[in-house]
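Read the structure below first, then the notes.
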Amino acid sequence: MQTALAEARKAAEAGEVPVGAVVVRDGEVIASAHNAPRRLADPTAHAEVLALRAAAKALGQERLESCDLWVTLEPCAMCAGAIAHARIGRLYYAAPDPKGGAVAHGARVFEHPQCHHRPEVYSGMGEDEAAGLLRNFFGGRR
């Protein structure tokens, strides 16, 4: 989670919402990314999507069953869908997102019968630091 938090700090420094993600396989970091929709002019450039894309490219396959995804914020519906399509084995996220999250809140994507793959989900690791990054980022813009 520390690597994901470092990525989130990079996002904040770049003026992006501070979310970071890391794909890990057998204890080795395969890919890491942070939010970049503004920089890339791409509404799908969330940290999770960018990390999944980089991991799939690095491994030469679209299925990431043997991989874990660590992310600093509960994934949105788009990212949860990408996680399911990538067949991520385990999802670890730090802070809950009652407004935009779609794992424990909102759409609860993995609970739908139409969701063909459900990763194991663990939350709360690094929650205080991740939530603090988000509070500071948005507090500075109000």
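Lettering and numbering for the structure tokens are positional, with chains as A, B, ... in the shown order, residues counted from 1 in each chain, and ligands counted from 1 in the shown order.
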
Select from range 19-128 of chain A everything DSSP, run on the backbone, classes as helix (DSSP H, G or I), then give the selection as JSON, numbers by chain.
{"A": [37, 38, 39, 40, 47, 48, 49, 50, 51, 52, 53, 54, 55, 56, 57, 58, 59, 77, 78, 79, 80, 81, 82, 83, 84, 85, 86, 109, 110, 111, 127, 128]}

Any chance you could tabulate, as a tab-separated table, the residues of range 3-48 of chain A at most 12 Å from range 87-111 of chain A with each one's nearest atom pair and distance in Å to one decimal, using only C-alpha atoms, in chain and rising number order?
```
residue	atom	partner	partner_atom	distance
A:Ala4	CA	A:Ala94	CA	9.5
A:Leu5	CA	A:Ala94	CA	9.2
A:Ala8	CA	A:Ala94	CA	11.4
A:Pro18	CA	A:Ala95	CA	11.6
A:Val19	CA	A:Ala95	CA	10.0
A:Gly20	CA	A:Tyr93	CA	10.0
A:Ala21	CA	A:Tyr93	CA	9.0
A:Val22	CA	A:Tyr92	CA	9.8
A:Val23	CA	A:Ile88	CA	9.0
A:Val24	CA	A:Arg90	CA	9.8
A:Arg25	CA	A:Gly89	CA	9.8
A:Asp26	CA	A:Gly89	CA	11.6
A:Glu48	CA	A:Leu91	CA	10.6
```

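Every protein, DNA or RNA residue with an atom at most 10 Å from Val17 in chain A, where only C-alpha atoms count and chain neighbours fewer than 2 positions away do not, is listed here: Ala8, Arg9, Lys10, Ala11, Ala12, Glu13, Ala14, Gly15, Val19, Gly20, His34, Asn35, Ala36, Pro37, Arg38, His46, Ala47, Leu133, Leu134, Phe137 and Phe138 of chain A.
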
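Close contacts of Gly27 in chain A, defined as residues with an atom at most 12 Å away when counting only C-alpha atoms, with chain neighbours fewer than 5 positions off set aside, comprise Val22, Ser66, Cys67, Asp68, Leu69 and Trp70 of chain A.
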
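When only C-alpha atoms are used to compute distances to Glu127 in chain A, the closest of the residues A:Met1, A:Ala31, A:Ala84, A:Ala41 turns out to be A:Met1.
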
Pairwise distance for CA of Leu73 in chain A and CA of Ala130 in chain A, rounded to one decimal in Å:
7.1 Å

Please measure the separation of CA of Pro119 in chain A and CA of Ser32 in chain A, giving the value in Å to one decimal.
18.8 Å

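On the backbone of this structure, DSSP gives strand (DSSP E or B) within range 11-102 of chain A to Gly20, Ala21, Val22, Val23, Val24, Arg25, Glu28, Val29, Ile30, Ala31, Ser32, Ala33, His34, Cys67, Asp68, Leu69, Trp70, Val71, Thr72, Leu73, Arg90, Leu91, Tyr92, Tyr93, Ala94 and Ala95 of chain A.
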